[in-house]
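A.B. asks: Just final-v2.txt, nothing more (compact mmCIF, C-alpha atoms and all ligand atoms):
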# COMPACT_ATOMS: atom_id res chain seq x y z
CA MET I 1 16.44 28.42 92.71
CA PHE I 2 16.66 25.88 89.93
CA THR I 3 13.32 24.31 90.80
CA GLU I 4 11.66 27.72 91.15
CA GLU I 5 12.92 28.74 87.75
CA LEU I 6 11.79 25.51 86.14
CA ASN I 7 8.38 26.08 87.71
CA ARG I 8 8.27 29.57 86.28
CA VAL I 9 9.03 28.36 82.76
CA GLY I 10 6.53 25.54 83.13
CA TYR I 11 8.73 22.49 82.97
CA ILE I 12 7.99 21.20 86.49
CA SER I 13 4.28 21.25 85.73
CA ARG I 14 4.91 18.64 83.03
CA SER I 15 6.88 16.32 85.32
CA VAL I 16 9.59 16.37 87.92
CA PRO I 17 12.69 16.57 85.72
CA THR I 18 14.74 13.42 85.52
CA ASP I 19 18.23 13.51 84.04
CA LYS I 20 16.67 12.67 80.70
CA ASP I 21 14.35 15.68 80.90
CA LEU I 22 17.21 17.95 81.79
CA ARG I 23 19.19 16.64 78.87
CA THR I 24 16.35 17.49 76.49
CA LEU I 25 15.98 20.96 78.00
CA ILE I 26 19.70 21.62 77.66
CA LEU I 27 19.74 20.52 74.02
CA GLU I 28 16.74 22.75 73.26
CA LEU I 29 18.34 25.75 74.94
CA LYS I 30 21.65 25.07 73.22
CA LYS I 31 19.98 25.22 69.82
CA GLN I 32 17.86 28.26 70.68
CA LYS I 33 20.92 30.22 71.88
CA ASN I 34 23.38 28.99 69.25
CA ALA I 35 25.66 27.61 71.95
CA VAL I 36 28.33 24.95 71.70
CA ILE I 37 29.10 22.61 74.60
CA LEU I 38 32.75 21.66 74.98
CA ALA I 39 33.56 18.98 77.55
CA HIS I 40 36.75 17.45 78.92
CA TYR I 41 37.09 13.65 79.21
CA TYR I 42 37.11 14.02 83.01
CA VAL I 43 33.55 15.37 83.39
CA SER I 44 30.69 12.97 84.12
CA ALA I 45 29.43 10.56 81.47
CA GLU I 46 26.03 12.26 81.25
CA ILE I 47 27.68 15.58 80.34
CA GLN I 48 30.11 14.00 77.87
CA ALA I 49 27.10 12.32 76.24
CA LEU I 50 25.44 15.64 75.37
CA ALA I 51 28.53 17.71 74.50
CA ASP I 52 29.27 18.81 70.94
CA VAL I 53 32.99 18.21 71.41
CA VAL I 54 34.66 15.99 74.02
CA GLY I 55 38.42 16.20 74.08
CA ASP I 56 41.69 16.77 75.85
CA SER I 57 42.94 20.26 76.66
CA LEU I 58 44.55 20.77 73.26
CA ALA I 59 41.59 19.55 71.20
CA LEU I 60 39.22 21.70 73.27
CA ALA I 61 41.41 24.77 72.81
CA HIS I 62 41.34 24.27 69.03
CA ALA I 63 37.55 23.72 69.15
CA ALA I 64 37.08 26.91 71.20
CA LYS I 65 39.18 28.89 68.75
CA LYS I 66 37.34 27.80 65.64
CA THR I 67 33.71 27.74 66.81
CA ASP I 68 31.24 30.19 65.29
CA ALA I 69 28.66 29.61 68.06
CA ASP I 70 27.62 32.71 70.04
CA ILE I 71 28.08 31.01 73.40
CA ILE I 72 30.77 28.54 74.48
CA LEU I 73 29.59 26.50 77.47
CA PHE I 74 32.73 24.92 78.86
CA CYS I 75 32.21 21.78 80.91
CA GLY I 76 35.62 21.50 82.47
CA VAL I 77 37.53 23.69 84.89
CA HIS I 78 38.17 27.41 85.22
CA PHE I 79 41.51 27.60 83.39
CA MET I 80 39.95 25.80 80.40
CA ALA I 81 37.07 28.28 80.16
CA GLU I 82 39.55 31.15 80.48
CA THR I 83 41.57 29.60 77.65
CA ALA I 84 38.45 29.54 75.47
CA LYS I 85 37.87 33.25 76.22
CA ILE I 86 41.51 34.08 75.37
CA LEU I 87 41.24 32.26 72.05
CA ASN I 88 37.80 33.57 71.08
CA PRO I 89 37.29 36.81 73.05
CA THR I 90 34.16 38.02 71.23
CA LYS I 91 32.20 34.93 72.36
CA LYS I 92 30.33 34.63 75.62
CA VAL I 93 32.10 31.88 77.60
CA LEU I 94 30.19 30.15 80.41
CA LEU I 95 31.45 27.75 83.08
CA PRO I 96 28.73 25.85 85.00
CA ASP I 97 30.50 26.35 88.36
CA LEU I 98 33.09 29.09 88.91
CA ASN I 99 34.54 27.10 91.80
CA ALA I 100 35.74 24.39 89.44
CA GLY I 101 39.43 25.17 89.88
CA CYS I 102 42.59 23.11 89.53
CA SER I 103 45.39 22.41 92.01
CA LEU I 104 47.98 23.18 89.32
CA ALA I 105 46.47 26.53 88.37
CA ASP I 106 46.08 27.37 92.07
CA SER I 107 49.77 26.65 92.74
CA THR I 108 51.03 29.74 90.92
CA PRO I 109 49.99 33.02 92.57
CA THR I 110 51.06 35.72 90.11
CA ALA I 111 53.35 37.61 92.54
CA ASP I 112 55.24 34.39 93.39
CA PHE I 113 55.50 33.50 89.72
CA GLU I 114 56.83 36.98 88.89
CA ALA I 115 59.51 36.54 91.59
CA PHE I 116 60.40 33.09 90.19
CA LYS I 117 60.80 34.58 86.72
CA SER I 118 62.98 37.40 88.09
CA ALA I 119 65.23 34.82 89.77
CA HIS I 120 65.93 33.29 86.32
CA PRO I 121 66.49 36.24 83.97
CA GLY I 122 66.58 35.41 80.29
CA ALA I 123 64.74 32.09 80.69
CA VAL I 124 62.03 31.22 78.18
CA VAL I 125 58.81 30.61 80.12
CA VAL I 126 56.93 27.50 79.01
CA SER I 127 53.67 27.16 80.94
CA TYR I 128 51.39 24.14 81.01
CA ILE I 129 47.88 25.17 79.94
CA ASN I 130 46.72 24.26 83.49
CA CYS I 131 47.45 27.77 84.78
CA SER I 132 45.55 31.02 85.20
CA ALA I 133 45.09 33.57 82.40
CA GLU I 134 47.45 35.88 84.34
CA VAL I 135 50.22 33.26 84.33
CA LYS I 136 49.60 32.64 80.62
CA ALA I 137 50.06 36.38 80.09
CA MET I 138 53.44 36.14 81.88
CA SER I 139 54.56 33.21 79.69
CA ASP I 140 56.30 32.97 76.32
CA ILE I 141 54.60 29.82 75.15
CA ILE I 142 51.92 27.46 76.48
CA CYS I 143 51.90 23.68 76.17
CA THR I 144 49.47 20.86 76.93
CA SER I 145 50.24 17.27 77.84
CA SER I 146 49.83 16.44 74.09
CA ASN I 147 52.48 18.78 72.80
CA ALA I 148 54.80 19.61 75.74
CA VAL I 149 57.74 17.71 74.24
CA ASP I 150 57.36 19.49 70.86
CA VAL I 151 56.96 22.87 72.56
CA VAL I 152 60.12 22.45 74.65
CA ASN I 153 62.00 21.16 71.59
CA SER I 154 60.96 24.36 69.76
CA VAL I 155 62.96 26.51 72.20
CA PRO I 156 66.39 27.30 70.71
CA ALA I 157 69.20 25.18 72.15
CA GLY I 158 71.20 26.87 74.87
CA LYS I 159 68.25 28.92 76.15
CA LYS I 160 67.29 28.48 79.80
CA ILE I 161 63.71 27.23 80.16
CA ILE I 162 61.29 27.70 83.05
CA PHE I 163 58.63 24.99 83.02
CA ALA I 164 55.55 25.59 85.19
CA PRO I 165 53.43 24.64 87.03
CA ASP I 166 53.50 20.80 86.86
CA LYS I 167 56.78 19.36 88.14
CA ASN I 168 55.80 15.80 87.12
CA LEU I 169 55.04 16.73 83.53
CA GLY I 170 58.19 18.88 83.57
CA THR I 171 60.35 15.99 84.83
CA TYR I 172 58.91 13.74 82.12
CA VAL I 173 59.49 16.35 79.39
CA ALA I 174 63.05 16.98 80.61
CA LYS I 175 63.77 13.24 80.23
CA GLN I 176 62.21 13.12 76.76
CA THR I 177 63.96 16.19 75.41
CA GLY I 178 67.27 16.05 77.30
CA ARG I 179 66.69 19.71 78.24
CA ASP I 180 67.49 21.04 81.67
CA LEU I 181 64.20 22.59 82.83
CA ILE I 182 63.78 24.96 85.75
CA LEU I 183 60.71 23.47 87.39
CA TRP I 184 57.94 25.13 89.37
CA ASP I 185 56.85 22.96 92.31
CA GLY I 186 53.22 22.25 91.39
CA ALA I 187 51.28 18.99 91.04
CA CYS I 188 47.86 17.65 90.17
CA VAL I 189 46.07 16.47 93.33
CA VAL I 190 44.36 13.73 91.37
CA HIS I 191 47.38 12.15 89.67
CA VAL I 192 49.59 12.30 92.77
CA ASN I 193 46.82 10.52 94.67
CA ILE I 194 47.39 7.31 92.72
CA SER I 195 48.87 4.72 95.07
CA ILE I 196 52.10 3.16 93.79
CA ASP I 197 51.81 0.27 96.30
CA LYS I 198 48.27 -0.60 95.25
CA LEU I 199 49.28 -0.20 91.62
CA ILE I 200 52.15 -2.68 91.99
CA ALA I 201 49.76 -5.16 93.64
CA LEU I 202 47.28 -4.66 90.77
CA GLN I 203 49.99 -5.26 88.18
CA ALA I 204 50.89 -8.53 89.96
CA ARG I 205 47.21 -9.56 89.82
CA PHE I 206 46.87 -8.70 86.13
CA PRO I 207 50.31 -9.46 84.63
CA GLU I 208 48.79 -9.37 81.13
CA ALA I 209 47.72 -5.73 81.57
CA GLU I 210 49.51 -2.76 80.09
CA LEU I 211 49.89 0.25 82.35
CA ILE I 212 49.00 3.47 80.51
CA ALA I 213 49.55 6.74 82.34
CA HIS I 214 49.06 10.48 82.08
CA PRO I 215 52.31 12.47 82.42
CA GLU I 216 50.91 14.34 85.46
CA CYS I 217 51.57 11.09 87.40
CA GLU I 218 54.61 10.83 89.64
CA PRO I 219 57.90 9.55 88.15
CA GLU I 220 57.74 6.14 89.88
CA ILE I 221 54.42 5.48 88.14
CA LEU I 222 55.62 6.79 84.77
CA ASP I 223 58.76 4.61 85.07
CA ARG I 224 56.52 1.52 85.20
CA ALA I 225 54.21 2.64 82.36
CA ASP I 226 54.02 0.92 78.98
CA PHE I 227 52.60 4.05 77.40
CA ILE I 228 52.47 7.70 78.52
CA GLY I 229 50.23 10.31 76.93
CA SER I 230 47.52 12.93 77.21
CA THR I 231 43.95 11.76 77.82
CA LYS I 232 43.33 11.72 74.06
CA ALA I 233 46.55 9.79 73.39
CA LEU I 234 45.65 7.23 76.09
CA ILE I 235 42.24 6.66 74.50
CA GLU I 236 43.77 6.28 71.06
CA TYR I 237 46.41 3.90 72.38
CA ALA I 238 43.80 1.65 74.02
CA LYS I 239 42.06 1.52 70.62
CA VAL I 240 45.07 0.58 68.50
CA SER I 241 47.00 -1.62 70.94
CA PRO I 242 46.56 -5.37 70.42
CA VAL I 243 46.53 -5.77 74.22
CA ASN I 244 43.14 -6.48 75.85
CA THR I 245 43.66 -5.36 79.45
CA PHE I 246 44.77 -1.92 80.61
CA ILE I 247 45.44 -0.34 83.96
CA ILE I 248 44.70 3.35 83.44
CA ALA I 249 46.58 5.85 85.56
CA THR I 250 44.57 9.03 85.15
CA GLU I 251 41.23 10.51 86.16
CA ALA I 252 38.40 7.96 86.00
CA GLY I 253 36.18 10.07 83.72
CA ILE I 254 38.32 8.89 80.79
CA LEU I 255 36.76 5.43 81.15
CA TYR I 256 33.47 6.63 79.67
CA LYS I 257 34.96 7.34 76.24
CA MET I 258 37.31 4.34 76.41
CA ARG I 259 34.46 1.93 77.20
CA GLU I 260 32.51 3.35 74.27
CA LEU I 261 35.45 2.88 71.88
CA VAL I 262 36.83 -0.46 73.13
CA PRO I 263 33.88 -2.19 74.83
CA GLU I 264 35.52 -5.59 74.44
CA LYS I 265 38.65 -4.63 76.43
CA LYS I 266 39.15 -4.82 80.20
CA LEU I 267 39.79 -1.34 81.61
CA ILE I 268 41.00 -1.11 85.19
CA PRO I 269 41.30 2.34 86.82
CA ALA I 270 44.54 2.80 88.77
CA PRO I 271 43.82 2.70 92.52
CA ALA I 272 43.81 5.87 94.60
CA LEU I 273 45.63 6.33 97.91
CA GLU I 274 42.42 7.41 99.58
CA THR I 275 39.38 5.44 98.65
CA ASN I 276 36.25 7.12 97.36
CA SER I 277 33.07 5.48 96.06
CA CYS I 278 34.82 4.02 93.00
CA ALA I 279 38.25 3.45 94.69
CA CYS I 280 39.69 5.27 91.68
CA SER I 281 40.97 8.80 91.05
CA GLU I 282 38.36 11.48 90.49
CA CYS I 283 38.94 15.20 90.04
CA PRO I 284 36.65 16.99 92.50
CA TYR I 285 36.73 20.12 90.34
CA MET I 286 35.71 18.39 87.12
CA LYS I 287 32.91 16.66 89.01
CA MET I 288 31.45 20.07 90.02
CA ASN I 289 29.91 20.13 86.54
CA THR I 290 26.39 18.73 86.82
CA LEU I 291 23.46 18.65 84.40
CA GLU I 292 21.55 21.08 86.64
CA LYS I 293 24.42 23.57 86.58
CA VAL I 294 24.78 23.14 82.82
CA PHE I 295 21.10 23.94 82.39
CA ASN I 296 21.30 26.95 84.70
CA ALA I 297 24.40 28.28 82.98
CA LEU I 298 22.72 28.11 79.58
CA TYR I 299 19.43 29.46 80.83
CA TYR I 300 20.83 32.44 82.76
CA GLU I 301 23.97 32.80 80.62
CA LEU I 302 25.92 32.80 83.87
CA PRO I 303 28.52 32.39 85.32
CA GLU I 304 30.38 34.15 82.54
CA ILE I 305 34.17 34.25 82.19
CA THR I 306 35.48 37.80 81.84
CA LEU I 307 39.11 38.85 81.36
CA SER I 308 40.70 42.24 80.81
CA ASP I 309 41.75 43.17 77.25
CA ASP I 310 45.35 43.43 78.46
CA ILE I 311 45.42 39.86 79.84
CA ILE I 312 43.69 38.52 76.72
CA SER I 313 46.14 40.21 74.38
CA LYS I 314 49.25 39.04 76.30
CA ALA I 315 47.96 35.52 77.00
CA SER I 316 46.83 35.04 73.40
CA VAL I 317 50.41 35.58 72.18
CA ALA I 318 51.62 32.65 74.35
CA MET I 319 48.60 30.53 73.36
CA ASN I 320 49.00 31.23 69.64
CA ASN I 321 52.73 30.47 69.86
CA MET I 322 51.71 27.00 71.01
CA MET I 323 48.92 26.54 68.49
CA ALA I 324 51.27 27.36 65.64
CA ILE I 325 53.28 24.27 66.68
CA LYS I 326 50.45 21.75 67.15
P1 LIG B 1 44.93 16.66 79.01
O1 LIG B 1 43.57 17.12 78.71
O2 LIG B 1 45.96 17.44 78.25
O3 LIG B 1 45.12 15.20 78.86
O4 LIG B 1 45.22 16.99 80.57
C1 LIG B 1 44.52 16.39 81.57
C2 LIG B 1 44.17 17.30 82.67
O5 LIG B 1 44.58 17.16 83.79
C3 LIG B 1 43.28 18.38 82.43
O6 LIG B 1 43.14 19.10 83.55
FE1 LIG B 2 43.64 20.11 87.64
FE2 LIG B 2 44.32 17.61 88.13
FE3 LIG B 2 41.76 18.25 88.08
FE4 LIG B 2 43.19 18.24 85.79
S1 LIG B 2 42.71 16.48 87.07
S2 LIG B 2 41.76 19.81 86.48
S3 LIG B 2 45.18 18.92 86.55
S4 LIG B 2 43.27 19.01 89.56
If you took the structure in this file and wrote it as structure tokens, what would it be?

C.D. replies:
Amino acid sequence: MFTEELNRVGYISRSVPTDKDLRTLILELKKQKNAVILAHYYVSAEIQALADVVGDSLALAHAAKKTDADIILFCGVHFMAETAKILNPTKKVLLPDLNAGCSLADSTPTADFEAFKSAHPGAVVVSYINCSAEVKAMSDIICTSSNAVDVVNSVPAGKKIIFAPDKNLGTYVAKQTGRDLILWDGACVVHVNISIDKLIALQARFPEAELIAHPECEPEILDRADFIGSTKALIEYAKVSPVNTFIIATEAGILYKMRELVPEKKLIPAPALETNSCACSECPYMKMNTLEKVFNALYYELPEITLSDDIISKASVAMNNMMAIK
């Protein structure tokens, strides 16, 4: 389909498109259609290289809210594109592949979450942004890995708090805040796939290295970490730390931006339990974003994210409650 369409518009007749050609085509289309490309640090380097904004979940939510582009092309996963639609509902929001999901968002079917809420009446519902628009609509306030501690601290003392869906982030936030959180049993398939045994062996091999970790990692990894933070915080830490070697316990896409910012430092991805081509941790959903799909999405203005007015209005209350904090 893609090749046929390129033929129709005359690009193939010039040359078989290489990645560089596609990049040029995407940038032309982006300008023509007044679109903005937002990309998460976990998507491929070639997509990060052409995005207008590359960031963590919080930075991308702020970028989606303030953009005056007509089209937001979100290179990330489904819940992120939904978040952009909630924050800027008059814009057309595109996601290159609708199948780009997230194990955390998938862990909370709405009926089960409703039952969980009913089992804890009166609890304030704090939901990690990695959840569906429906779950956001059922929540009081959203958080990201950047601001989860501040968000939980903003809940009046003495109130019960449900924290969903990431139990690892929730456990970390409970330790940081001293609050007793009622945790939903969800996890990120990528961060729980980091091998603690291989990590310990790697630390023994590189004793000079600092271990920096995303809070979606399991507690035994976070307990060993020298620094814990969101993807953006990890990148900033690698920049300001005087240390020259880091073991990085998060998705490997983060290495693209880190290598750009600290080319002189040694960056070692934390080893995965199951080995893939890079022996590191890769999010299969984030990697569904390809240059071809980005081009198609911009060209056809599909697949588009659509949400009901009711979900948008309820979910935006929880989102804006968060964005008023940080
Ligand atoms: P942040 O973007 O908040 O670092 O979260 C990482 C992540 O897993 C996104 O899905
Ligand atoms: Fe979801 Fe984990 Fe992939 Fe982030 S890295 S999108 S939390 S599965």

A.B. asks: Figure out the distance between CA of Leu222 in chain I and atom O5 of ligand LIG 1 (chain B), please, to one decimal in Å.

C.D. replies: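 That distance, rounded to one decimal, is 15.2 Å.
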
A.B. asks: What's the 12 Å shell around Ser132 in chain I, counting only C-alpha atoms, without same-chain residues fewer than 2 positions away, as a ChimeraX atom specification?

C.D. replies: /I:77-83,86,101-110,113,127-130,134-139,142,164-165,307,311-312,315

A.B. asks: Restricting the calculation to all atoms listed in the file, which member of I:Lys66, I:Lys167, I:Lys326, I:Lys314 is positioned closest to Val151 in chain I?

C.D. replies: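 Selected residue with least distance to Val151 in chain I: I:Lys326.
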
A.B. asks: From the list I:Ile200, I:Cys75, I:Leu94, I:Ala49, which residue is nearest ligand LIG 2 (chain B) when using only C-alpha atoms and all ligand atoms?

C.D. replies: I:Cys75

A.B. asks: Rank I:Pro271, I:Pro89, I:Pro156, I:Gly76 by their smallest atom-to-atom distance to Lys198 in chain I, using all atoms listed in the file, and report the top residue only.

C.D. replies: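 Looking only at the distances to Lys198 in chain I, the closest residue turns out to be I:Pro271.
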
A.B. asks: Using all atoms listed in the file, which residues sit within 9 Å of Ile26 in chain I once same-chain residues fewer than 2 positions away are excluded, as a list in words?

C.D. replies: Asp21, Leu22, Arg23, Thr24, Glu28, Leu29, Lys30, Lys31, Leu50, Leu291, Val294, Phe295, Asn296, Leu298 and Tyr299 of chain I

A.B. asks: Go through I:Thr67, I:Asn168, I:Asn193, I:Asn99 and flag the residue nearest Asn34 in chain I, using all atoms listed in the file for the distances.

C.D. replies: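 Of I:Thr67, I:Asn168, I:Asn193, I:Asn99, the one nearest Asn34 in chain I is I:Thr67, counting all atoms listed in the file.
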
A.B. asks: Just the number, please: distance in Å from CA of Gln176 in chain I to CA of Val149 in chain I, one decimal.

C.D. replies: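 We find that CA of Gln176 in chain I and CA of Val149 in chain I lie 6.9 Å from each other.
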
A.B. asks: Could you check the closest approach to ligand LIG 1 (chain B) for each of I:Gln48, I:Ser277, I:Ser313, I:Ser146 and tell me which residue wins, using only C-alpha atoms and all ligand atoms?

C.D. replies: I:Ser146

A.B. asks: To one decimal place in Å, what is the distance between CA of Ala61 in chain I and CA of Leu87 in chain I?

C.D. replies: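 These atoms are spaced 7.5 Å apart.
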
A.B. asks: Could you list the protein, DNA and RNA residues that have any atom within 8 Å of ligand LIG 1 (chain B), counting all atoms listed in the file, and write them as number ranges by chain?

C.D. replies: I: 40-42, 55-58, 76-77, 102, 130, 144-146, 188, 214, 216, 229-233, 251

A.B. asks: Which residue, I:Glu260, I:Asp97, I:Asp166, I:Glu208, has the smallest gap to ligand LIG 2 (chain B) when you use all atoms listed in the file?

C.D. replies: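 Residue with the minimum atom-to-atom distance to ligand LIG 2 (chain B): I:Asp166.
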
A.B. asks: Let me have the centre and edge lengths in Å, one decimal, of the box along x, y and z around every listed atom of ligand LIG 2 (chain B) with 3 Å of margin on each side, as JSON.

C.D. replies:
{"center_x": 43.5, "center_y": 18.3, "center_z": 87.7, "size_x": 9.4, "size_y": 9.6, "size_z": 9.8}

A.B. asks: Fewer than 5 positions away in the same chain doesn't count, so skip those; otherwise give me all residues within 12 Å of Cys217 in chain I, counting only C-alpha atoms, as JSON, numbers by chain.

C.D. replies: {"I": [145, 166, 167, 168, 169, 170, 171, 172, 186, 187, 188, 189, 190, 191, 192, 193, 194, 195, 196, 212, 222, 223, 224, 225, 228, 229, 230, 248, 249, 250, 251, 270, 272, 281]}

A.B. asks: Quick one: everything within 10 Å of Ala51 in chain I, counting only C-alpha atoms, minus sequence neighbours fewer than 6 positions away in the same chain. Send it as a list in words.

C.D. replies: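 Near neighbours after the sequence-gap exclusion: Leu27, Val36, Ile37, Leu38, Ala39, His40, Leu73, Phe74 and Cys75 of chain I.
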